[in-house]
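J.: For reference, the file query_29.cif (mmCIF, C-alpha atoms) is included below:
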```cif
data_model
#
loop_
_atom_site.group_PDB
_atom_site.id
_atom_site.type_symbol
_atom_site.label_atom_id
_atom_site.label_comp_id
_atom_site.auth_asym_id
_atom_site.auth_seq_id
_atom_site.Cartn_x
_atom_site.Cartn_y
_atom_site.Cartn_z
ATOM 1 C CA MET O 1 17.681 13.928 -42.880
ATOM 2 C CA LYS O 2 19.192 12.594 -39.669
ATOM 3 C CA HIS O 3 17.571 15.446 -37.742
ATOM 4 C CA LYS O 4 14.090 14.525 -39.013
ATOM 5 C CA LYS O 5 14.650 10.877 -38.157
ATOM 6 C CA ALA O 6 15.645 11.801 -34.599
ATOM 7 C CA ILE O 7 12.538 13.963 -34.250
ATOM 8 C CA PHE O 8 10.310 11.107 -35.443
ATOM 9 C CA ILE O 9 11.944 8.730 -32.971
ATOM 10 C CA VAL O 10 11.492 11.140 -30.060
ATOM 11 C CA VAL O 11 7.875 11.890 -31.018
ATOM 12 C CA GLY O 12 7.211 8.167 -31.396
ATOM 13 C CA LEU O 13 8.647 7.382 -27.953
ATOM 14 C CA VAL O 14 6.632 10.180 -26.341
ATOM 15 C CA LEU O 15 3.483 8.931 -28.064
ATOM 16 C CA VAL O 16 4.067 5.343 -26.929
ATOM 17 C CA ALA O 17 4.681 6.538 -23.340
ATOM 18 C CA ALA O 18 1.514 8.675 -23.382
ATOM 19 C CA ILE O 19 -0.577 5.761 -24.661
ATOM 20 C CA ALA O 20 0.864 3.416 -22.004
ATOM 21 C CA ILE O 21 0.139 5.919 -19.225
ATOM 22 C CA GLY O 22 -3.388 6.408 -20.562
ATOM 23 C CA ILE O 23 -4.080 2.663 -20.609
ATOM 24 C CA TRP O 24 -2.662 2.227 -17.099
ATOM 25 C CA SER O 25 -4.621 5.138 -15.615
ATOM 26 C CA ASN O 26 -7.830 4.008 -17.328
ATOM 27 C CA SER O 27 -7.387 0.567 -15.791
ATOM 28 C CA VAL O 28 -6.740 1.948 -12.290
ATOM 29 C CA LEU O 29 -9.603 4.445 -12.470
ATOM 30 C CA GLY O 30 -11.908 1.771 -13.870
ATOM 31 C CA ASP O 31 -11.124 -0.516 -10.921
ATOM 32 C CA MET O 32 -11.780 2.332 -8.480
ATOM 33 C CA GLU O 33 -15.110 3.164 -10.119
ATOM 34 C CA GLU O 34 -16.140 -0.501 -10.088
ATOM 35 C CA ASP O 35 -15.256 -0.803 -6.389
ATOM 36 C CA GLN O 36 -17.185 2.388 -5.608
ATOM 37 C CA THR O 37 -20.278 1.163 -7.462
ATOM 38 C CA LYS O 38 -20.115 -2.197 -5.697
ATOM 39 C CA THR O 39 -19.659 -0.450 -2.342
ATOM 40 C CA GLU O 40 -22.860 1.521 -2.855
ATOM 41 C CA GLN O 41 -24.695 -1.735 -3.608
ATOM 42 C CA LEU O 42 -23.494 -3.711 -0.572
ATOM 43 C CA SER O 43 -26.187 -5.260 1.607
ATOM 44 C CA SER O 44 -28.082 -2.868 3.846
ATOM 45 C CA ARG O 45 -26.818 -4.880 6.829
ATOM 46 C CA ILE O 46 -23.204 -4.040 6.006
ATOM 47 C CA LEU O 47 -23.870 -0.422 5.027
ATOM 48 C CA ALA O 48 -25.744 0.154 8.303
ATOM 49 C CA ASP O 49 -22.937 -1.310 10.417
ATOM 50 C CA PHE O 50 -20.117 0.568 8.662
ATOM 51 C CA GLY O 51 -21.633 3.960 7.878
ATOM 52 C CA ASP O 52 -18.452 5.966 8.293
ATOM 53 C CA HIS O 53 -14.707 5.457 8.568
ATOM 54 C CA THR O 54 -14.833 5.450 12.399
ATOM 55 C CA ALA O 55 -17.442 2.656 12.584
ATOM 56 C CA ILE O 56 -14.775 -0.026 13.087
ATOM 57 C CA ASN O 57 -13.850 1.648 16.391
ATOM 58 C CA LYS O 58 -17.260 0.908 17.946
ATOM 59 C CA TYR O 59 -16.642 -2.842 17.892
ATOM 60 C CA PRO O 60 -15.048 -4.287 21.030
ATOM 61 C CA VAL O 61 -12.221 -6.796 20.669
ATOM 62 C CA GLN O 62 -13.088 -10.284 21.910
ATOM 63 C CA LEU O 63 -10.533 -12.680 20.523
ATOM 64 C CA ALA O 64 -12.040 -15.940 19.296
ATOM 65 C CA ALA O 65 -11.478 -18.640 16.710
ATOM 66 C CA LEU O 66 -12.563 -17.885 13.168
ATOM 67 C CA ASN O 67 -14.790 -20.455 11.513
ATOM 68 C CA TRP O 68 -16.075 -18.481 8.535
ATOM 69 C CA GLY O 69 -14.140 -20.190 5.771
ATOM 70 C CA THR O 70 -14.788 -17.995 2.750
ATOM 71 C CA ASN O 71 -18.151 -16.776 4.069
ATOM 72 C CA CYS O 72 -16.960 -13.170 4.404
ATOM 73 C CA LEU O 73 -16.135 -10.058 2.400
ATOM 74 C CA VAL O 74 -13.033 -7.873 2.392
ATOM 75 C CA LEU O 75 -13.596 -4.143 2.765
ATOM 76 C CA GLU O 76 -11.238 -1.219 3.140
ATOM 77 C CA ASN O 77 -11.847 1.212 5.972
ATOM 78 C CA GLY O 78 -12.381 4.622 4.418
ATOM 79 C CA GLY O 79 -14.413 5.498 1.408
ATOM 80 C CA ILE O 80 -15.510 8.098 -1.044
ATOM 81 C CA GLY O 81 -18.318 10.476 -0.201
ATOM 82 C CA ASN O 82 -20.514 9.580 2.748
ATOM 83 C CA LEU O 83 -19.482 5.936 2.953
ATOM 84 C CA GLY O 84 -16.873 4.821 5.440
ATOM 85 C CA ILE O 85 -15.901 1.664 3.569
ATOM 86 C CA THR O 86 -14.833 0.517 0.123
ATOM 87 C CA TYR O 87 -15.487 -2.930 -1.371
ATOM 88 C CA LYS O 88 -12.199 -4.316 -2.747
ATOM 89 C CA SER O 89 -12.812 -6.462 -5.830
ATOM 90 C CA LYS O 90 -9.178 -7.464 -6.261
ATOM 91 C CA TRP O 91 -8.810 -8.794 -2.708
ATOM 92 C CA ASN O 92 -12.205 -10.561 -2.720
ATOM 93 C CA GLU O 93 -11.409 -12.234 -6.045
ATOM 94 C CA GLY O 94 -8.002 -13.324 -4.745
ATOM 95 C CA LEU O 95 -9.587 -14.885 -1.650
ATOM 96 C CA GLY O 96 -12.492 -16.518 -3.449
ATOM 97 C CA THR O 97 -15.034 -14.439 -1.535
ATOM 98 C CA ALA O 98 -16.371 -12.376 -4.461
ATOM 99 C CA ASP O 99 -19.353 -14.743 -4.851
ATOM 100 C CA ASN O 100 -20.564 -13.594 -1.412
ATOM 101 C CA TYR O 101 -21.276 -10.119 -2.804
ATOM 102 C CA PRO O 102 -23.388 -8.125 -1.863
ATOM 103 C CA GLY O 103 -22.954 -9.732 1.549
ATOM 104 C CA GLU O 104 -26.462 -10.471 2.860
ATOM 105 C CA GLY O 105 -25.514 -13.790 4.418
ATOM 106 C CA VAL O 106 -21.837 -13.381 5.286
ATOM 107 C CA LYS O 107 -20.627 -14.286 8.756
ATOM 108 C CA GLY O 108 -17.871 -11.718 8.873
ATOM 109 C CA ILE O 109 -16.093 -8.745 7.412
ATOM 110 C CA VAL O 110 -12.353 -8.510 6.960
ATOM 111 C CA MET O 111 -11.775 -4.770 7.409
ATOM 112 C CA ILE O 112 -8.459 -3.377 6.244
ATOM 113 C CA ALA O 113 -7.333 0.026 7.521
ATOM 114 C CA MET O 114 -4.270 1.959 6.405
ATOM 115 C CA ASP O 115 -1.764 2.973 9.040
ATOM 116 C CA MET O 116 1.693 4.552 9.225
ATOM 117 C CA LYS O 117 4.366 4.009 11.835
ATOM 118 C CA GLU O 118 7.129 6.538 12.332
ATOM 119 C CA LYS O 119 10.480 4.839 11.813
ATOM 120 C CA GLY O 120 12.900 7.757 12.046
ATOM 121 C CA GLU O 121 13.645 11.044 10.422
ATOM 122 C CA TYR O 122 15.592 12.535 7.579
ATOM 123 C CA VAL O 123 17.879 15.521 8.038
ATOM 124 C CA ASN O 124 18.841 17.425 4.918
ATOM 125 C CA LYS O 125 22.064 19.347 4.294
ATOM 126 C CA ILE O 126 20.755 22.518 5.902
ATOM 127 C CA GLY O 127 19.392 20.780 8.991
ATOM 128 C CA GLN O 128 15.682 20.541 8.119
ATOM 129 C CA LYS O 129 14.024 17.420 9.481
ATOM 130 C CA ASP O 130 11.295 15.291 7.914
ATOM 131 C CA LYS O 131 9.710 12.082 9.202
ATOM 132 C CA ALA O 132 10.296 8.606 7.781
ATOM 133 C CA TYR O 133 7.277 6.283 7.854
ATOM 134 C CA GLN O 134 6.487 2.631 7.286
ATOM 135 C CA ARG O 135 3.055 2.079 5.742
ATOM 136 C CA ASN O 136 1.024 -0.771 7.217
ATOM 137 C CA TYR O 137 -2.391 -2.381 7.063
ATOM 138 C CA ILE O 138 -4.356 -3.177 10.207
ATOM 139 C CA VAL O 139 -6.598 -6.144 9.399
ATOM 140 C CA SER O 140 -9.628 -6.593 11.659
ATOM 141 C CA TYR O 141 -11.923 -9.613 11.479
ATOM 142 C CA VAL O 142 -15.442 -8.515 12.467
ATOM 143 C CA ASP O 143 -18.035 -11.128 13.449
ATOM 144 C CA LEU O 144 -21.281 -9.595 12.196
ATOM 145 C CA ASP O 145 -23.576 -11.699 14.406
ATOM 146 C CA LYS O 146 -21.697 -11.055 17.655
ATOM 147 C CA LYS O 147 -20.760 -7.472 16.669
ATOM 148 C CA VAL O 148 -17.162 -7.922 17.876
ATOM 149 C CA ILE O 149 -13.657 -8.003 16.423
ATOM 150 C CA VAL O 150 -12.501 -11.593 16.844
ATOM 151 C CA ALA O 151 -8.966 -11.172 15.472
ATOM 152 C CA ARG O 152 -6.609 -8.418 14.394
ATOM 153 C CA ASP O 153 -3.338 -8.493 12.473
ATOM 154 C CA THR O 154 -0.868 -5.860 11.349
ATOM 155 C CA LEU O 155 0.770 -6.292 7.960
ATOM 156 C CA TYR O 156 3.966 -4.273 7.699
ATOM 157 C CA GLY O 157 4.907 -2.616 4.436
ATOM 158 C CA GLU O 158 8.347 -1.737 3.177
ATOM 159 C CA GLU O 159 10.779 0.172 5.334
ATOM 160 C CA PRO O 160 11.081 3.828 4.351
ATOM 161 C CA PRO O 161 13.902 4.655 1.953
ATOM 162 C CA LEU O 162 17.261 5.342 3.600
ATOM 163 C CA ILE O 163 17.603 8.610 1.711
ATOM 164 C CA ASN O 164 14.735 11.005 1.059
ATOM 165 C CA ARG O 165 15.301 12.720 -2.269
ATOM 166 C CA SER O 166 12.197 14.900 -2.074
ATOM 167 C CA THR O 167 10.832 17.563 0.204
ATOM 168 C CA GLY O 168 8.641 16.316 3.036
ATOM 169 C CA SER O 169 8.335 12.985 4.745
ATOM 170 C CA GLY O 170 9.257 9.704 3.094
ATOM 171 C CA ALA O 171 7.528 6.347 3.282
ATOM 172 C CA GLY O 172 7.857 2.834 1.970
ATOM 173 C CA ASP O 173 5.094 1.067 0.047
ATOM 174 C CA PHE O 174 2.093 -0.629 1.644
ATOM 175 C CA PRO O 175 2.129 -4.444 1.807
ATOM 176 C CA SER O 176 1.499 -6.003 -1.607
ATOM 177 C CA ASP O 177 -1.877 -7.420 -2.637
ATOM 178 C CA THR O 178 -0.305 -10.882 -2.550
ATOM 179 C CA ALA O 179 0.869 -10.352 1.052
ATOM 180 C CA VAL O 180 -2.612 -9.166 2.058
ATOM 181 C CA ILE O 181 -4.359 -12.128 0.438
ATOM 182 C CA ASN O 182 -1.889 -14.668 1.855
ATOM 183 C CA SER O 183 -2.197 -13.234 5.356
ATOM 184 C CA ILE O 184 -5.982 -13.382 5.273
ATOM 185 C CA LYS O 185 -5.906 -16.915 3.863
ATOM 186 C CA GLY O 186 -3.636 -17.920 6.727
ATOM 187 C CA ARG O 187 -5.895 -16.381 9.362
ATOM 188 C CA LEU O 188 -9.044 -17.916 7.810
ATOM 189 C CA LYS O 189 -7.197 -21.244 7.336
ATOM 190 C CA LEU O 190 -8.049 -21.436 3.622
#
```
Translate the structure described by the file into structure tokens.
T.:
Amino acid sequence: MKHKKAIFIVVGLVLVAAIAIGIWSNSVLGDMEEDQTKTEQLSSRILADFGDHTAINKYPVQLAALNWGTNCLVLENGGIGNLGITYKSKWNEGLGTADNYPGEGVKGIVMIAMDMKEKGEYVNKIGQKDKAYQRNYIVSYVDLDKKVIVARDTLYGEEPPLINRSTGSGAGDFPSDTAVINSIKGRLKL
């Protein structure tokens, strides 16, 4: 009898874990699909200016004051398929810029690119070396009328773990969504 009870408990715990993982992955995938759909429906002005993931590099840097307020959209550099950008619902909602979608009349784009900075290396017991990285975001503020980057910030993520318990390089997490939103709010003076 005790053996059957233990089996039911184990099966129940596995079932609960599987359901929780399913709900979590459905939520994450749903957000990604929503962002992809919204990206495809951005204004033609934005899609033409950011056709691929290297498009941000064509804009010269001319530092200037930002006076957009919330008249902008946040995009991530890099996309799925042929697009070089991804609309980020979560960040636009957090900044109060989601109402500007699809972006016909926005003054600027806040473009967020992922980056990694080497911070050291791990050496395992047999002498093999692997890199340790810090993940960062490079935040560029693109003035769409002037076609220039008017400001740029780097948001540093977590330091890489001190000990790498897996094979290959190790890295800390990217900056949190809250850190991203707060940094942009600070730059836009919201």
J.: Given the file above and the PyMOL selection byres ((chain O and resi 78) around 12), which residues are selected, and can you give them as a ChimeraX atom specification?
T.: /O:36,39,50-56,75-77,79-88,111-115
J.: Can you tell me how far atom CA of Arg152 of chain O sits from atom CA of Val139 of chain O, in Å to one decimal?
T.: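 Result for atom CA of Arg152 of chain O versus atom CA of Val139 of chain O: 5.5 Å, one decimal.
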J.: Please evaluate the PyMOL selection byres ((chain O and resi 133) around 7) against the displayed coordinates and give the resulting residues as a short mmCIF file (atom, residue, chain, number, x, y, z; two decimals) with C-alpha atoms, keeping the file's coordinate frame.
T.:
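Output (expr.cif):
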```cif
data_model
loop_
_atom_site.label_atom_id
_atom_site.label_comp_id
_atom_site.auth_asym_id
_atom_site.auth_seq_id
_atom_site.Cartn_x
_atom_site.Cartn_y
_atom_site.Cartn_z
CA MET O 116 1.69 4.55 9.22
CA LYS O 117 4.37 4.01 11.84
CA GLU O 118 7.13 6.54 12.33
CA LYS O 119 10.48 4.84 11.81
CA LYS O 131 9.71 12.08 9.20
CA ALA O 132 10.30 8.61 7.78
CA GLN O 134 6.49 2.63 7.29
CA ARG O 135 3.06 2.08 5.74
CA PRO O 160 11.08 3.83 4.35
CA GLY O 170 9.26 9.70 3.09
CA ALA O 171 7.53 6.35 3.28
CA GLY O 172 7.86 2.83 1.97
#
```
J.: If we count all atoms listed in the file, what is near segment 90-101 of chain O at a cut-off of 12 Å, once residues fewer than 4 positions away on the same chain are taken out, given as JSON, numbers by chain?
T.: {"O": [28, 31, 32, 34, 35, 38, 39, 40, 41, 42, 43, 44, 46, 68, 69, 70, 71, 72, 73, 74, 75, 76, 86, 105, 106, 107, 108, 109, 110, 111, 112, 176, 177, 178, 179, 180, 181, 182, 183, 184, 185, 186, 187, 188, 189, 190]}
J.: Taking into account all atoms listed in the file, which residue in the set O:Ile126, O:Thr37, O:Arg45, O:Gly157 is nearest to Ser89 of chain O?
T.: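 Between O:Ile126, O:Thr37, O:Arg45, O:Gly157, the residue approaching Ser89 of chain O most closely is O:Thr37.
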J.: Counting all atoms listed in the file, what are the residues of segment 49-94 of chain O within 10 Å of segment 145-150 of chain O, and for each of them which pair of atoms is the nearest and at what distance in Å, to one decimal? Sort the table by chain and rising number, as a Markdown table.
T.:
```
| residue | atom | partner | partner_atom | distance |
| --- | --- | --- | --- | --- |
| O:Asp49 | CA | O:Lys147 | CA | 9.0 |
| O:Ile56 | CA | O:Ile149 | CA | 8.7 |
| O:Asn57 | CA | O:Ile149 | CA | 9.7 |
| O:Lys58 | CA | O:Val148 | CA | 8.8 |
| O:Tyr59 | CA | O:Val148 | CA | 5.1 |
| O:Pro60 | CA | O:Val148 | CA | 5.3 |
| O:Val61 | CA | O:Ile149 | CA | 4.6 |
| O:Gln62 | CA | O:Val150 | CA | 5.3 |
| O:Leu63 | CA | O:Val150 | CA | 4.3 |
| O:Ala64 | CA | O:Val150 | CA | 5.0 |
| O:Ala65 | CA | O:Val150 | CA | 7.1 |
| O:Leu66 | CA | O:Val150 | CA | 7.3 |
```
J.: For the selection just defined, write its residues with C-alpha atoms to a file, as a compact mmCIF listing (two decimals), keeping the file's coordinate frame.
T.:
```
# COMPACT_ATOMS: atom_id res chain seq x y z
CA ASP O 49 -22.94 -1.31 10.42
CA ILE O 56 -14.78 -0.03 13.09
CA ASN O 57 -13.85 1.65 16.39
CA LYS O 58 -17.26 0.91 17.95
CA TYR O 59 -16.64 -2.84 17.89
CA PRO O 60 -15.05 -4.29 21.03
CA VAL O 61 -12.22 -6.80 20.67
CA GLN O 62 -13.09 -10.28 21.91
CA LEU O 63 -10.53 -12.68 20.52
CA ALA O 64 -12.04 -15.94 19.30
CA ALA O 65 -11.48 -18.64 16.71
CA LEU O 66 -12.56 -17.89 13.17
```
J.: For Ile163 of chain O, which residue out of O:Val142, O:Val123, O:Ala151, O:Leu47 is the nearest one, using only C-alpha atoms?
T.: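 Using only C-alpha atoms, Ile163 of chain O sits closest to O:Val123.
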J.: Choose the residue, out of O:Glu33, O:Glu104, O:Asp143, O:Glu121, that has the smallest atom-to-atom separation from Asn164 of chain O; count all atoms listed in the file.
T.: O:Glu121
J.: Check what the PyMOL selection byres ((chain O and resi 156) around 7) selects in the file above and give those residues as a PyMOL selection string.
T.: chain O and resi 135-137+154-155+157-158+175
J.: With distances taken over all atoms listed in the file, which of O:Pro161, O:Pro102, O:Leu144, O:Ile138 is nearest to Gly120 of chain O?
T.: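 For Gly120 of chain O, the nearest of the candidates is O:Pro161.
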